[in-house]
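Below: the structure, in structure tokens.
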Amino acid sequence: MLALHNYLIVSAILFAIGTIGVLTRRNAIVMFMCVEMMLNAVNLTFIAFSRYLGNIDGQVFVFFVMTVAAAEAAVGLALMIAFYKNRESIDVEDINIMKL
Amino acid sequence: MFDLVWLIPLCPLIGSVINGLLGKKIKNETIIGGIAAGSVFASFMVACGILFQLLSLPAEQRVFEKTIFTWIQSGNFKADIGFLIDPLSAIMLMVVTGIGFLIHLYSIGYMHGEEGFYRYFCYLNLFTFSMLCLVAGNNLLLMFIGWEGVGLCSYLLIGYYFHKKSAGDAGKKAFVMNRVGDFGFLLGLFTLFWYLGGTHNVWTVNFRELAANADLIPAGALVTAVCLFFFIGATGKSAQIPLYTWLPDAMEGPTPVSALIHAATMVTAGVYMIARMNFLYIKSPTALLVIACVGAATALFAATIGTAQNDIKRVLAYSTVSQLGYMFLAMGVGAFGAGVFHLMTHAFFKACLFLGSGSVIHGMHHALHHEHSDADPQDMRNMGGLKSKMPITFITFLLATIAIAGIPGFAGFFSKDEILWQAFANPHHHQANILLWAAGAVAAGLTAFYMFRLVFMTFFGKTRLSDKAFHHLHESPWVITVPLVVLAFLSVVGGYIGVPAVIGHTFGNFPNYFELWLDPVFAYSKHYVEASGAHGVHNVALEWGLMGVSVLIACGGIGLAAALYLINPGFPEKFVAAFPVLHRAVYNKWYVDEIYDFMIVNPCKSLGQFLWRGFDVVVVDGMVNGVAATVRGFSGLFRHVQTGFVHNYAFTMVAGVVLIVGVYLFR
């Protein structure tokens with residue numbers, strides 16, 4: 001069995017990739033996927049600590065996070081479809097009508 | 001009967017409310033007019049009952065106070081809604097309700113077919129209510145309510161034809177000038193209240209309590225100030241110099257309004273107020289002298305203007321100002337009874353004159369209307385020879401004119417002569433007396449002159465109307481002529497209840513009933529003067545002589561009017577041509593309005609303009625707009641944060657998280 005720090009390193013790498021993706025990509029779907037990746041990086045951390053500490057609470061939390069992520073995916077994709085119908089684009093640079 | 005006194009003001013108030021709220025739906029002029037006139041008639045009946053009950057009591061018991069409810073209570077101070085019945089207020093109640101009823105009746109005919117018929121009667125009843133509160137109220141505050149109420153109704157009725165700009169302006173002028181006076185009234189009230197309460201712990205505004213505590217007020221600067229403050233109020237309401245200019249302009253209102261408000265009742269409120277407060281005025285010779293001088297000056301000054309006016313109502317308006325001057329002259333020489341007597345006789349003959357002029361205008365209006373002429377129906381230069389067409393109007397008008405001119409035997413003679421004699425003989429203003437008398441006597445001559453000028457120009461001579469219009473001229477209906485006849489009758493016989501003592505003694509033992517009747521009201525003043533040891537002139541021969549002089553002056557005025565306007569009608573034009581400057585000055589009312597405009601109205605307007613453009617726009621609006629501009633400036637700085645780019649928001653969030661975590665880790 002691998003030591004705890006291996007899982008944490010992978011998790012940190014995944015989280016960093018997700019963060020950089022959110023900050024740099026313009027395609028809303030890709031950004032959305034990056035957010036999902038960040039969430040799953042956190043999930044991995046939860047699981048690892050749960051096993052390490054022998055405490056089931058972390059795994060319960062992961063279920064909540066997955067549920068929220070599923071709901072978020074549904075709402076987020078619906079928003080993107082609505083936006084695409086309006087603008088024929090899902091580039092976030094085009095989402096600027098709130099600007100003065 | 002005394003317990004029913006509250007009905008007197010209440011009836012017109014109910015009539016006013018009914019006509020005001022439902023008049024538009026009722027529409028029927030007979031019902032509306034009936035409600036209005038009927039409510040005043042009910043008050044008149046109650047007032048008659050009260051008068052008879054007072055008459056049946058011995059003189060010293062003729063006072064009664066009826067409290068309806070406590071209005072204001074604060075510590076020791078209490079003001080009631082209550083009514084004071086004494087000989088003075090009984091006289092005023094009779095005049096207001098009696099003449100008020102006749103004028104309501106007259107108005108039904110005069111206002112026939114007018115748009116806003118119900119509105120007119122609503123206001124007129126409201127006026128009667130306010131006036132009755134003024135004269136019957138048992139304290140200064142209730143009097144002030146009535147004082148303001150009559151001012152309001154006066155404003156509403158002057159501006160009755162509000163679609164005419166001149167009527168609206170006249171209403172505003174009357175209201176503003178009255179407000180100036182009302183300010184004086186309030187100052188007087190406050191000063192009196194503050195002094196009695198602060199110094200003697202007598203917190204009251206009740207007339208009887210004030211009179212009972214009159215001894216606490218020493219003669220001196222304070223009582224003079226109080227009296228003069230109240231007198232400023234009186235000059236506004238009763239159209240005396242310097243606040244008289246609103247009254248001639250008030251003729252823009254319907255003629256019955258001029259008769260009721262601007263001749264018989266409201267404008268006499270100042271005289272009534274001084275008579276009511278006589279126990280204060282008698283203590284201040286300075287205030288009395290000021291009042292006497294203002295009264296005499298007004299009587300003379302307004303009479304001169306009256307000689308050159310061509311509008312029939314304007315002549316009567318200046319005549320009213322002049323006659324009010326006589327009443328104040330009487331007040332100023334301490335002859336309170338004579339002043340109130342002249343108030344009453346003046347109410348008779350001046351109401352008759354105004355209603356008569358209304359009848360003439362009514363007839364002229366219809367005659368000119370038939371001819372589709374737009375000539376002014378109020379201009380005497382368009383009249384002449386009306387006596388054959390309007391006999392009842394003519395006779396009644398002539399009788400009232402004789403009364404005002406001071407021909408012996410008619411009401412005006414007795415009251416005016418009493419005032420003139422008191423002006424000469426009073427014990428208050430030794431050196432000034434002869435001047436006061438002279439001013440009054442000259443004004444009496446002028447009065448006789450301009451009143452007969454009016455009669456000759458209107459009713460005598462050859463008509464200046466076209467034949468067709470003259471043919472259509474006819475006498476007014478009975479609702480108009482009946483009040484005229486009643487008032488003319490009173491103008492003839494009304495004087496006999498107050499025959500001056502000197503005449504009464506000559507023709508058998510015939511006392512001055514009016515003086516005796518009012519004696520209890522002025523008892524304090526009488527004792528005060530007697531205690532001070534001042535003596536007036538008592539000389540029967542002199543009194544007869546002066547009476548003869550004033551009658552001669554009056555006859556001279558009539559003769560002059562007859563010579564100029566009846567026998568030699570071409571002369572006035574020649575006179576005007578010979579003295580154009582004098583005529584223009586008199587015709588333009590000595591340019592007093594222009595002087596007031598220049599000295600007061602225009603500076604006030606400029607100040608208003610400055611406060612608007614300089615203060616309101618710059619400072620007040622500047623402050624409000626400045627707050628808004630500051631907020632907008634700051635939000636302008638911060639709104640750059642809202643770029644609209646999702647990346648920026650995301651970066652900000654990440655940076656924030658890094659910051660917070662960093663602080664958490666490395667602190």
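Residues in the structure tokens are numbered from 1 in each chain, the chains being A, B, ... in the order shown, and ligands are numbered from 1 in the order shown.
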Taking only C-alpha atoms into account, report as a CSV table (one decimal) with C-alpha atoms, in the first residue's frame which residues of chain A lie within 12 Å of chain B.
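That gives us part-v6.csv:
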```csv
chain,number,residue,atom,x,y,z
A,16,ALA,CA,-3.3,22.9,-9.6
A,18,GLY,CA,-7.7,22.4,-12.6
A,19,THR,CA,-7.0,25.9,-11.2
A,20,ILE,CA,-4.7,26.8,-14.1
A,21,GLY,CA,-7.2,25.5,-16.5
A,22,VAL,CA,-10.0,27.7,-15.0
A,23,LEU,CA,-7.8,30.7,-15.1
A,24,THR,CA,-6.4,30.3,-18.6
A,25,ARG,CA,-8.9,28.6,-20.8
A,26,ARG,CA,-11.6,30.5,-22.7
A,27,ASN,CA,-13.9,27.7,-23.5
A,28,ALA,CA,-16.6,27.5,-20.9
A,31,MET,CA,-13.4,25.6,-17.6
A,35,VAL,CA,-13.7,22.9,-12.0
A,91,ASP,CA,-16.3,31.6,-25.2
A,92,VAL,CA,-16.2,33.3,-21.8
A,93,GLU,CA,-14.8,36.4,-23.4
A,94,ASP,CA,-18.3,36.9,-24.9
A,95,ILE,CA,-20.0,36.6,-21.6
A,96,ASN,CA,-19.6,40.3,-20.9
A,97,ILE,CA,-23.0,42.0,-21.2
A,98,MET,CA,-23.0,42.7,-17.4
A,99,LYS,CA,-20.1,45.1,-18.1
A,100,LEU,CA,-21.0,48.8,-18.1
```
Point to revise | range 87-100 of chain B environment, 7 Å, only C-alpha atoms, sequence neighbours closer than 2 positions dropped, as a PyMOL selection string | key: chain B and resi 40+43-44+47-48+51+62+85+102-104+132+135-136+260+265+344+517-518+521
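Here CA of Ile282 in chain B is placed at a distance of 9.1 Å from CA of Gly332 in chain B.
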**Study point:** Two-atom distance - CA of Phe207 in chain B, CA of Arg276 in chain B (Å)
**Key:**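 About the pair CA of Phe207 in chain B and CA of Arg276 in chain B: they are 7.9 Å apart.
Computed from the coordinates, the CA of Lys526 in chain B to CA of Leu210 in chain B distance equals 16.8 Å.
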Revision key, fill the gap. From the list A:Leu53, A:Ile90, A:Leu14, A:Leu2, the nearest residue to Gly76 in chain A using only C-alpha atoms is A:Ile90
Review point. Within 10 Å of Gly358 in chain B, counting only C-alpha atoms, which residues qualify if same-chain residues fewer than 2 places away don't, as a VMD selection string?
Key: chain B and resid 106 to 107 110 254 to 256 258 to 259 312 to 313 352 to 356 360 to 364 378 393 476 480
Point to revise | Selection: 9 Å around Ala443 in chain B, only C-alpha atoms, excl. self and same-chain fewer than 5 positions, as a list in words | key: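 Residues near the query, excluding close chain neighbours: Ala296, Ala299, Leu300, Phe301, Ala302, Ala303, Thr304, Ser322, Ala438 and Ala448 of chain B.
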For the residues in the current selection, export C-alpha atoms as a PDB file, in the first residue's frame.
```pdb
ATOM      1  CA  ALA B 296     -58.942 110.476  10.687  1.00  0.00           C
ATOM      2  CA  ALA B 299     -61.300 108.912   6.492  1.00  0.00           C
ATOM      3  CA  LEU B 300     -59.964 111.993   4.725  1.00  0.00           C
ATOM      4  CA  PHE B 301     -57.545 110.279   2.364  1.00  0.00           C
ATOM      5  CA  ALA B 302     -59.950 107.630   1.085  1.00  0.00           C
ATOM      6  CA  ALA B 303     -62.658 110.271   0.647  1.00  0.00           C
ATOM      7  CA  THR B 304     -60.427 112.290  -1.675  1.00  0.00           C
ATOM      8  CA  SER B 322     -63.367 106.287   4.703  1.00  0.00           C
ATOM      9  CA  ALA B 438     -61.516 119.135  11.153  1.00  0.00           C
ATOM     10  CA  ALA B 448     -71.563 113.931   0.721  1.00  0.00           C
TER      11      ALA B 448
END
```
Exercise for review: Mind checking which residues fall within 10 Å of Leu44 in chain A, counting only C-alpha atoms, ignoring those fewer than 6 positions away in the same chain, and posting them as a count of residues only?
Suggested key: 11
